[in-house]
Structure formats: C-alpha cells, structure tokens
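Below is model-v3.cif, which holds mmCIF, C-alpha atoms.
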data_coords
loop_
_atom_site.label_atom_id
_atom_site.label_comp_id
_atom_site.auth_asym_id
_atom_site.auth_seq_id
_atom_site.Cartn_x
_atom_site.Cartn_y
_atom_site.Cartn_z
CA ASP A 21 -55.50 -33.29 109.13
CA ALA A 22 -57.96 -30.65 108.01
CA GLU A 23 -57.06 -27.12 108.95
CA ILE A 24 -57.67 -23.45 108.39
CA THR A 25 -54.72 -21.18 107.67
CA GLN A 26 -54.29 -17.44 107.35
CA SER A 27 -51.58 -15.46 105.65
CA PRO A 28 -49.75 -13.31 106.24
CA ARG A 29 -49.62 -13.67 110.02
CA HIS A 30 -48.17 -10.19 110.38
CA LYS A 31 -48.32 -7.25 107.97
CA ILE A 32 -47.36 -3.62 108.17
CA THR A 33 -48.68 -1.34 105.46
CA GLU A 34 -49.25 2.32 104.76
CA THR A 35 -52.46 4.30 104.66
CA GLY A 36 -54.13 4.09 101.27
CA ARG A 37 -52.55 0.82 100.16
CA GLN A 38 -54.60 -2.18 99.12
CA VAL A 39 -54.13 -5.20 101.36
CA THR A 40 -55.40 -8.75 100.99
CA LEU A 41 -55.49 -11.25 103.81
CA ALA A 42 -55.80 -14.86 102.74
CA CYS A 43 -57.85 -17.58 104.41
CA HIS A 44 -57.72 -21.20 103.27
CA GLN A 45 -59.57 -24.12 104.83
CA THR A 46 -59.40 -27.80 104.05
CA TRP A 47 -62.47 -28.78 106.09
CA ASN A 48 -64.67 -28.46 102.99
CA HIS A 49 -66.93 -26.17 105.03
CA ASN A 50 -69.55 -24.10 103.29
CA ASN A 51 -69.56 -21.34 105.91
CA MET A 52 -66.63 -18.96 106.21
CA PHE A 53 -66.29 -15.78 108.26
CA TRP A 54 -63.95 -12.87 108.82
CA TYR A 55 -63.76 -11.16 112.22
CA ARG A 56 -61.65 -8.41 113.64
CA GLN A 57 -60.60 -8.26 117.27
CA ASP A 58 -59.86 -4.99 119.02
CA LEU A 59 -59.30 -4.11 122.67
CA GLY A 60 -62.53 -3.00 124.24
CA HIS A 61 -64.67 -4.41 121.43
CA GLY A 62 -64.06 -8.10 121.35
CA LEU A 63 -64.62 -9.95 118.10
CA ARG A 64 -66.79 -8.35 115.43
CA LEU A 65 -68.02 -9.81 112.17
CA ILE A 66 -66.76 -8.19 108.97
CA HIS A 67 -68.06 -10.42 106.15
CA TYR A 68 -69.32 -13.95 105.81
CA SER A 69 -70.12 -16.50 103.14
CA TYR A 70 -72.41 -19.52 103.11
CA GLY A 71 -71.01 -20.96 99.90
CA VAL A 72 -69.36 -20.31 96.55
CA GLN A 73 -70.42 -16.99 95.03
CA ASP A 74 -72.25 -16.05 98.26
CA THR A 75 -71.00 -13.12 100.35
CA ASN A 76 -72.71 -11.03 103.02
CA LYS A 77 -71.86 -7.95 105.03
CA GLY A 78 -71.38 -8.14 108.75
CA GLU A 79 -71.43 -5.57 111.51
CA VAL A 80 -68.24 -3.72 110.46
CA SER A 81 -67.98 -4.24 106.70
CA ASP A 82 -67.18 -0.67 105.57
CA GLY A 83 -63.80 -0.54 103.86
CA TYR A 84 -63.59 -4.32 103.38
CA SER A 85 -64.60 -6.72 100.63
CA VAL A 86 -64.54 -10.49 100.12
CA SER A 87 -65.07 -12.87 97.25
CA ARG A 88 -65.78 -16.61 97.25
CA SER A 89 -64.75 -18.32 94.04
CA ASN A 90 -64.24 -21.76 95.58
CA THR A 91 -65.09 -23.61 98.79
CA GLU A 92 -61.61 -23.42 100.29
CA ASP A 93 -60.78 -19.71 100.16
CA LEU A 94 -62.25 -16.44 101.39
CA PRO A 95 -59.74 -13.61 100.91
CA LEU A 96 -60.39 -10.34 102.72
CA THR A 97 -59.41 -7.15 100.87
CA LEU A 98 -58.91 -3.71 102.30
CA GLU A 99 -59.27 -1.50 99.24
CA SER A 100 -57.58 1.53 100.79
CA ALA A 101 -56.16 0.77 104.20
CA ALA A 102 -56.86 3.19 107.04
CA SER A 103 -55.26 3.45 110.48
CA SER A 104 -58.62 2.48 111.99
CA GLN A 105 -58.20 -0.91 110.33
CA THR A 106 -55.17 -1.73 112.45
CA SER A 107 -56.37 -4.86 114.20
CA VAL A 108 -56.06 -8.61 114.52
CA TYR A 109 -58.11 -10.43 111.92
CA PHE A 110 -59.48 -13.95 112.35
CA CYS A 111 -60.94 -16.19 109.72
CA ALA A 112 -63.25 -19.02 110.73
CA SER A 113 -65.25 -21.77 109.09
CA SER A 114 -68.08 -24.08 110.02
CA GLU A 115 -70.31 -26.69 108.51
CA SER A 116 -73.72 -25.75 107.23
CA GLY A 117 -76.69 -26.33 109.49
CA ASP A 118 -76.84 -26.80 113.23
CA SER A 119 -73.61 -28.75 113.79
CA GLY A 120 -71.92 -25.42 113.64
CA GLU A 121 -68.65 -25.86 115.54
CA LEU A 122 -66.40 -23.01 114.52
CA PHE A 123 -62.79 -23.54 113.50
CA PHE A 124 -60.57 -20.47 113.66
CA GLY A 125 -57.40 -19.57 111.85
CA GLU A 126 -54.38 -18.38 113.82
CA GLY A 127 -55.07 -14.72 113.17
CA SER A 128 -53.39 -12.02 111.10
CA ARG A 129 -52.06 -8.92 112.81
CA LEU A 130 -52.33 -5.89 110.52
CA THR A 131 -50.74 -2.54 111.27
CA VAL A 132 -51.63 0.44 109.09
CA LEU A 133 -49.21 3.35 109.46
CA LYS B 14 -76.06 -2.00 126.49
CA ASN B 15 -74.13 -4.93 125.05
CA GLU B 16 -76.26 -7.81 123.84
CA VAL B 17 -73.85 -10.32 125.40
CA GLU B 18 -72.39 -9.61 128.83
CA GLN B 19 -69.77 -11.69 130.60
CA SER B 20 -68.70 -11.66 134.22
CA PRO B 21 -66.25 -11.35 135.70
CA GLN B 22 -64.00 -9.49 133.26
CA ASN B 23 -60.92 -10.74 135.07
CA LEU B 24 -60.50 -13.72 137.36
CA THR B 25 -57.49 -14.96 139.29
CA ALA B 26 -57.63 -18.37 140.90
CA GLN B 27 -55.34 -20.77 142.68
CA GLU B 28 -54.59 -24.10 141.10
CA GLY B 29 -57.24 -26.64 142.02
CA GLU B 30 -60.06 -24.14 142.53
CA PHE B 31 -63.50 -24.50 140.96
CA ILE B 32 -64.12 -21.67 138.52
CA THR B 33 -67.34 -20.24 137.13
CA ILE B 34 -67.63 -17.74 134.30
CA ASN B 35 -71.03 -16.27 133.51
CA CYS B 36 -72.65 -15.09 130.30
CA SER B 37 -75.96 -13.24 129.99
CA TYR B 38 -77.58 -12.24 126.74
CA SER B 39 -80.53 -10.10 125.80
CA VAL B 40 -81.47 -11.45 122.35
CA GLY B 41 -83.22 -14.55 121.11
CA ILE B 42 -80.69 -17.20 120.23
CA SER B 43 -80.43 -20.46 118.34
CA ALA B 44 -77.16 -21.47 120.01
CA LEU B 45 -74.48 -20.28 122.41
CA HIS B 46 -70.75 -20.86 122.01
CA TRP B 47 -67.93 -20.89 124.50
CA LEU B 48 -64.51 -20.15 123.01
CA GLN B 49 -61.03 -20.18 124.51
CA GLN B 50 -58.30 -17.80 123.40
CA HIS B 51 -54.80 -18.58 124.61
CA PRO B 52 -52.13 -15.97 125.25
CA GLY B 53 -50.63 -16.76 121.84
CA GLY B 54 -53.89 -15.56 120.29
CA GLY B 55 -55.36 -18.73 118.81
CA ILE B 56 -59.08 -19.32 119.34
CA VAL B 57 -60.58 -22.74 119.98
CA SER B 58 -64.23 -23.68 120.21
CA LEU B 59 -65.00 -25.38 123.54
CA PHE B 60 -68.76 -25.86 123.40
CA MET B 61 -71.78 -25.10 121.34
CA LEU B 62 -75.10 -25.57 123.13
CA SER B 63 -78.73 -24.71 122.70
CA SER B 64 -80.12 -26.33 125.85
CA GLY B 65 -79.10 -28.14 129.00
CA LYS B 66 -75.54 -29.03 129.80
CA LYS B 67 -72.40 -30.33 128.12
CA LYS B 68 -69.23 -31.73 129.67
CA HIS B 69 -65.78 -32.20 128.22
CA GLY B 70 -63.07 -33.29 130.59
CA ARG B 71 -62.86 -30.74 133.41
CA LEU B 72 -65.06 -28.24 131.58
CA ILE B 73 -68.82 -28.03 131.97
CA ALA B 74 -71.14 -25.62 130.16
CA THR B 75 -74.75 -25.01 131.08
CA ILE B 76 -77.45 -22.86 129.57
CA ASN B 77 -80.82 -21.64 130.83
CA ILE B 78 -82.81 -20.43 127.84
CA GLN B 79 -85.63 -18.94 129.93
CA GLU B 80 -83.21 -16.87 132.01
CA LYS B 81 -80.95 -16.09 129.02
CA HIS B 82 -77.91 -17.16 130.94
CA SER B 83 -75.03 -19.58 130.51
CA SER B 84 -72.17 -20.63 132.74
CA LEU B 85 -68.81 -22.19 132.03
CA HIS B 86 -67.34 -24.18 134.91
CA ILE B 87 -63.79 -25.44 135.23
CA THR B 88 -63.16 -28.07 137.88
CA ALA B 89 -59.72 -28.62 139.43
CA SER B 90 -58.28 -25.62 137.61
CA HIS B 91 -54.72 -25.72 136.34
CA PRO B 92 -52.30 -23.00 135.17
CA ARG B 93 -52.72 -24.26 131.62
CA ASP B 94 -56.36 -23.16 131.83
CA SER B 95 -55.13 -19.56 131.88
CA ALA B 96 -56.73 -17.93 128.84
CA VAL B 97 -59.49 -15.60 127.76
CA TYR B 98 -62.88 -17.29 127.66
CA ILE B 99 -65.37 -15.81 125.23
CA CYS B 100 -69.11 -16.31 125.12
CA ALA B 101 -70.88 -15.82 121.78
CA VAL B 102 -74.47 -16.26 120.64
CA SER B 103 -76.11 -17.03 117.31
CA SER B 104 -78.90 -14.50 117.43
CA THR B 105 -82.20 -15.23 115.77
CA ASN B 106 -82.20 -11.50 114.94
CA TYR B 107 -79.51 -12.33 112.38
CA GLY B 108 -80.95 -15.54 111.01
CA GLY B 109 -79.47 -17.75 113.70
CA SER B 110 -76.46 -18.69 111.63
CA GLN B 111 -73.88 -20.55 113.65
CA GLY B 112 -71.11 -18.30 112.48
CA ASN B 113 -72.89 -14.95 112.46
CA LEU B 114 -72.20 -14.45 116.13
CA ILE B 115 -72.51 -11.72 118.72
CA PHE B 116 -69.52 -11.92 121.05
CA GLY B 117 -69.01 -11.03 124.66
CA LYS B 118 -65.83 -9.16 125.52
CA GLY B 119 -64.28 -12.13 127.24
CA THR B 120 -63.18 -13.15 130.71
CA LYS B 121 -59.45 -13.24 131.33
CA LEU B 122 -58.62 -16.15 133.63
CA SER B 123 -55.29 -16.54 135.34
CA VAL B 124 -54.66 -19.69 137.37
CA LYS B 125 -51.71 -19.47 139.76
CA PRO B 126 -49.72 -22.55 140.75
#
I'd like the structure from this file rewritten - as structure tokens, please.
Amino acid sequence: DAEITQSPRHKITETGRQVTLACHQTWNHNNMFWYRQDLGHGLRLIHYSYGVQDTNKGEVSDGYSVSRSNTEDLPLTLESAASSQTSVYFCASSESGDSGELFFGEGSRLTVL
Amino acid sequence: KNEVEQSPQNLTAQEGEFITINCSYSVGISALHWLQQHPGGGIVSLFMLSSGKKKHGRLIATINIQEKHSSLHITASHPRDSAVYICAVSSTNYGGSQGNLIFGKGTKLSVKP
C-alpha cells in the first residue's frame, strides 16, 4: 500500500544545531507540504513543493528550508534550531489538480532545548 | 480576525447523539477540507468539497459558498468519533492550491458512552 512516512518521530536537540526531518511518500504525488502544529495556532504551512526542483515558502518559513530532488522526498531542514521551533511537524502530499485529497504523515515531535 | 473560524471549540456528546460542527471562512476559496486528528496525533482527510454535500458512512459535510459556511455532521455518534475535527480552506488568495491551506483551530469532540 502507498504511504507517507516521517522520521524521526521524536527528536530532542539543542539550540543552534542543524536538524533535518525526513518525509517520504510512495503515492507518486507531485504536491508535498510541511506544516507545524502548535497549541493556539493550529496547523500552519512552512514550505511546499509542486514537483521536482520546485519549492515555495509558506506562512512560517523563516528558519526552515526544503529541497526536492525527487518525487518521493521532501526533507525539512532547520539550519540553526531555536526554542521557538519546538513543535509537531506534519508532512503531507496530494495529487496535482483538483482531486486534491491530502495524505498526512504521522508527525514528528521536535523539542529544541 | 482568523480567516477560518470553527465552532464550537469543544463539544461533549453522549453516544448516539447527532453532532454538528461549524466552519465559517472569510476568504474566497476553491475547496474546503474536513480533517480528523485522533488523540494519537495522526491526521486523516475526511472530505474535500467545493459545493453541495458529501456523505461517507455516518459523516455528512455540507458547504454553502454564498454564505461562506460549512458544516460537518456526525449521525449516531460513537466514542470512537472522539477526535479533533479541523476545517481548512484552499484560498484563491494563495492560488487555490489544494495543499496550500488555511486551517481552523479545530473542534475537540468527546463522545461519552
């Protein structure tokens, strides 16, 4: 069965460290997205991609970067982790066009000390 | 003011009750999504709609584009329906992409046996 997986599921790191969260989907979807979920804010878009070599900034992109070298993967990198980036991160994918059902990964809980 | 508002924020029901969760939005949209997030954290897409009504099992979603309002109904509620229900819209302000969503803050539903 097709799926979307995130790793690691839990990570504790220190301020200033570089962290990469992986997202891998086997749906062969062109669209991939990274969100963060915080109490009081709900889900917010960090970065998104509509295909290989395409990346775009979302609402809360400062301090994050992504790259899309193939269809299956969209890793999210925190160049220098900050305590404000402690959150739960969700990756999602969808087909191009109007069919648009979103498939979410299980989430990655990141704690920055 | 949030662009997507949900009500109520919290809802407790007895098993078997008919439940309605409301979502109002203030932007132009190309589609509206209803998502379910279980206590374990995983997020599942329930519906995506741009007009009218959709039904899946005991769940019904409706949308009124003119009034900028959607409702999610659960008939014959069950404790396993306990979850956070999230409304999200693909805003035409952001190109209408199905994944570039604006999220409501969610409605936490608890169904008691």
**Interatomic distance, CA of Ser103 in chain A to CA of Thr25 in chain A (Å, one decimal)** =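 Those two atoms sit 24.8 Å apart.
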**Top pick for closest residue to chain B, considering A:Gln73, A:Gln26, A:Gln38, A:Asn48 and counting only C-alpha atoms** = A:Gln26
**Exercise: Val97 in chain B partners within 10 Å, only C-alpha atoms, chain neighbours under 4 positions left out, as a PyMOL selection string** = chain B and resi 22-24+48-52+54+56+118-123
**Request:** Work out how far apart CA of Ala22 in chain A and CA of Arg88 in chain A are and give it in Å to one decimal.
**Result:**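 Interatomic distance here is 19.3 Å.
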**Message:** Since I can't run it myself right now, could you work out what the PyMOL selection byres ((chain A) within 7 of (chain B)) selects here and report it as a list in words?
**Reply:**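 Evaluating the PyMOL selection byres ((chain A) within 7 of (chain B)) on these coordinates yields Phe53, His61, Gly62, Leu63, Ser114, Asp118, Gly120, Glu121, Leu122, Phe123, Phe124, Glu126 and Gly127 of chain A.
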**Request:** Just say which residues the PyMOL selection byres ((chain A and resi 102) around 7) picks in this file, as a list of chain:residue names.
**Result:** A:Thr35, A:Gly36, A:Ser100, A:Ala101, A:Ser103, A:Ser104, A:Gln105, A:Val132
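Between CA of Gly125 in chain A and CA of Asp21 in chain A lies a distance of 14.1 Å.
All residues that come within 12 Å of the coordinates (-73.0, -20.1, 136.2), counting only C-alpha atoms, are given as Gln19, Ser20, Pro21, Phe31, Ile32, Thr33, Ile34, Asn35, Cys36, Ser37, Lys66, Ile73, Ala74, Thr75, Ile76, Asn77, Glu80, Lys81, His82, Ser83, Ser84, Leu85, His86 and Ile87 of chain B.
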Create the file for the chosen residues now, containing C-alpha atoms and written as a PDB file, in the coordinates of the input.
ATOM      1  CA  GLN B  19     -69.770 -11.690 130.600  1.00  0.00           C
ATOM      2  CA  SER B  20     -68.700 -11.660 134.220  1.00  0.00           C
ATOM      3  CA  PRO B  21     -66.250 -11.350 135.700  1.00  0.00           C
ATOM      4  CA  PHE B  31     -63.500 -24.500 140.960  1.00  0.00           C
ATOM      5  CA  ILE B  32     -64.120 -21.670 138.520  1.00  0.00           C
ATOM      6  CA  THR B  33     -67.340 -20.240 137.130  1.00  0.00           C
ATOM      7  CA  ILE B  34     -67.630 -17.740 134.300  1.00  0.00           C
ATOM      8  CA  ASN B  35     -71.030 -16.270 133.510  1.00  0.00           C
ATOM      9  CA  CYS B  36     -72.650 -15.090 130.300  1.00  0.00           C
ATOM     10  CA  SER B  37     -75.960 -13.240 129.990  1.00  0.00           C
ATOM     11  CA  LYS B  66     -75.540 -29.030 129.800  1.00  0.00           C
ATOM     12  CA  ILE B  73     -68.820 -28.030 131.970  1.00  0.00           C
ATOM     13  CA  ALA B  74     -71.140 -25.620 130.160  1.00  0.00           C
ATOM     14  CA  THR B  75     -74.750 -25.010 131.080  1.00  0.00           C
ATOM     15  CA  ILE B  76     -77.450 -22.860 129.570  1.00  0.00           C
ATOM     16  CA  ASN B  77     -80.820 -21.640 130.830  1.00  0.00           C
ATOM     17  CA  GLU B  80     -83.210 -16.870 132.010  1.00  0.00           C
ATOM     18  CA  LYS B  81     -80.950 -16.090 129.020  1.00  0.00           C
ATOM     19  CA  HIS B  82     -77.910 -17.160 130.940  1.00  0.00           C
ATOM     20  CA  SER B  83     -75.030 -19.580 130.510  1.00  0.00           C
ATOM     21  CA  SER B  84     -72.170 -20.630 132.740  1.00  0.00           C
ATOM     22  CA  LEU B  85     -68.810 -22.190 132.030  1.00  0.00           C
ATOM     23  CA  HIS B  86     -67.340 -24.180 134.910  1.00  0.00           C
ATOM     24  CA  ILE B  87     -63.790 -25.440 135.230  1.00  0.00           C
TER      25      ILE B  87
END
**Asked** Which one is closest to Ala42 in chain A: A:Glu23, A:Asp93, A:Asp74, A:Glu79? Count only C-alpha atoms.
**Response**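 Under the stated criterion, the closest residue is A:Asp93.
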**Request:** Starting from the point (-76.8, -5.7, 124.9), work out which residues of protein, DNA or RNA have an atom no more than 7 Å away when counting all atoms listed in the file; state them as a VMD selection string.
**Result:** chain B and resid 14 to 17 38 to 39
How would the residues just picked look written out with C-alpha atoms as a PDB file, in the coordinates of the input?
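After the write, out-v1.pdb holds the following:
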ATOM      1  CA  LYS B  14     -76.060  -2.000 126.490  1.00  0.00           C
ATOM      2  CA  ASN B  15     -74.130  -4.930 125.050  1.00  0.00           C
ATOM      3  CA  GLU B  16     -76.260  -7.810 123.840  1.00  0.00           C
ATOM      4  CA  VAL B  17     -73.850 -10.320 125.400  1.00  0.00           C
ATOM      5  CA  TYR B  38     -77.580 -12.240 126.740  1.00  0.00           C
ATOM      6  CA  SER B  39     -80.530 -10.100 125.800  1.00  0.00           C
TER       7      SER B  39
END
**Asked** Which residues fall under the PyMOL selection byres ((chain A and resi 90) around 12) in this file, as an NGL selection string?
**Response** :A and (43-46 or 48-52 or 69-75 or 87-89 or 91-95)
Restrict the selected residues to C-alpha atoms and save them as a PDB file, in the coordinates of the input.
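Once everything was written out, this is again-v3.pdb:
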ATOM      1  CA  CYS A  43     -57.850 -17.580 104.410  1.00  0.00           C
ATOM      2  CA  HIS A  44     -57.720 -21.200 103.270  1.00  0.00           C
ATOM      3  CA  GLN A  45     -59.570 -24.120 104.830  1.00  0.00           C
ATOM      4  CA  THR A  46     -59.400 -27.800 104.050  1.00  0.00           C
ATOM      5  CA  ASN A  48     -64.670 -28.460 102.990  1.00  0.00           C
ATOM      6  CA  HIS A  49     -66.930 -26.170 105.030  1.00  0.00           C
ATOM      7  CA  ASN A  50     -69.550 -24.100 103.290  1.00  0.00           C
ATOM      8  CA  ASN A  51     -69.560 -21.340 105.910  1.00  0.00           C
ATOM      9  CA  MET A  52     -66.630 -18.960 106.210  1.00  0.00           C
ATOM     10  CA  SER A  69     -70.120 -16.500 103.140  1.00  0.00           C
ATOM     11  CA  TYR A  70     -72.410 -19.520 103.110  1.00  0.00           C
ATOM     12  CA  GLY A  71     -71.010 -20.960  99.900  1.00  0.00           C
ATOM     13  CA  VAL A  72     -69.360 -20.310  96.550  1.00  0.00           C
ATOM     14  CA  GLN A  73     -70.420 -16.990  95.030  1.00  0.00           C
ATOM     15  CA  ASP A  74     -72.250 -16.050  98.260  1.00  0.00           C
ATOM     16  CA  THR A  75     -71.000 -13.120 100.350  1.00  0.00           C
ATOM     17  CA  SER A  87     -65.070 -12.870  97.250  1.00  0.00           C
ATOM     18  CA  ARG A  88     -65.780 -16.610  97.250  1.00  0.00           C
ATOM     19  CA  SER A  89     -64.750 -18.320  94.040  1.00  0.00           C
ATOM     20  CA  THR A  91     -65.090 -23.610  98.790  1.00  0.00           C
ATOM     21  CA  GLU A  92     -61.610 -23.420 100.290  1.00  0.00           C
ATOM     22  CA  ASP A  93     -60.780 -19.710 100.160  1.00  0.00           C
ATOM     23  CA  LEU A  94     -62.250 -16.440 101.390  1.00  0.00           C
ATOM     24  CA  PRO A  95     -59.740 -13.610 100.910  1.00  0.00           C
TER      25      PRO A  95
END
Box along x, y and z, 8 Å on every side, all listed atoms of range 42-46 of chain B inside: centre and edge lengths in Å to one decimal, as AutoDock Vina command-line options.
--center_x -75.7 --center_y -19.3 --center_z 120.4 --size_x 25.9 --size_y 20.3 --size_z 20.1
**Message:** Using only C-alpha atoms for the distances, tell me which of A:Ile24, A:Leu96, A:Val80, A:Val108 is nearest to Thr40 in chain A.
**Reply:**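 For Thr40 in chain A, the nearest of the candidates is A:Leu96.
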**Prompt:** Any idea what's packed within 7 Å of Ser107 in chain A, counting only C-alpha atoms, ignoring anything in its chain fewer than 4 positions away? Could you give it as a list in words?
**Reply:** Arg56, Gln57, Asp58, Arg129, Leu130 and Thr131 of chain A
**Request:** Can you pull out every residue within 6 Å of Gln27 in chain B, counting only C-alpha atoms, but drop anything in the same chain fewer than 3 positions away, and send it as a ChimeraX atom specification?
**Result:** /B:30,124-125
**Asked** In terms of the shortest atom-to-atom distance over all atoms listed in the file, which of B:Val102, B:Ala96, B:Ala26, B:Ile42 is closest to Ile78 in chain B?
**Response**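 Closest to Ile78 in chain B, using all atoms listed in the file: B:Ile42.
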**Prompt:** For Glu115 in chain A, which residue out of A:Trp47, A:Leu41, A:Thr33, A:Ser81 is the nearest one, using all atoms listed in the file?
**Reply:**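 That would be A:Trp47, the residue with the smallest distance to Glu115 in chain A.
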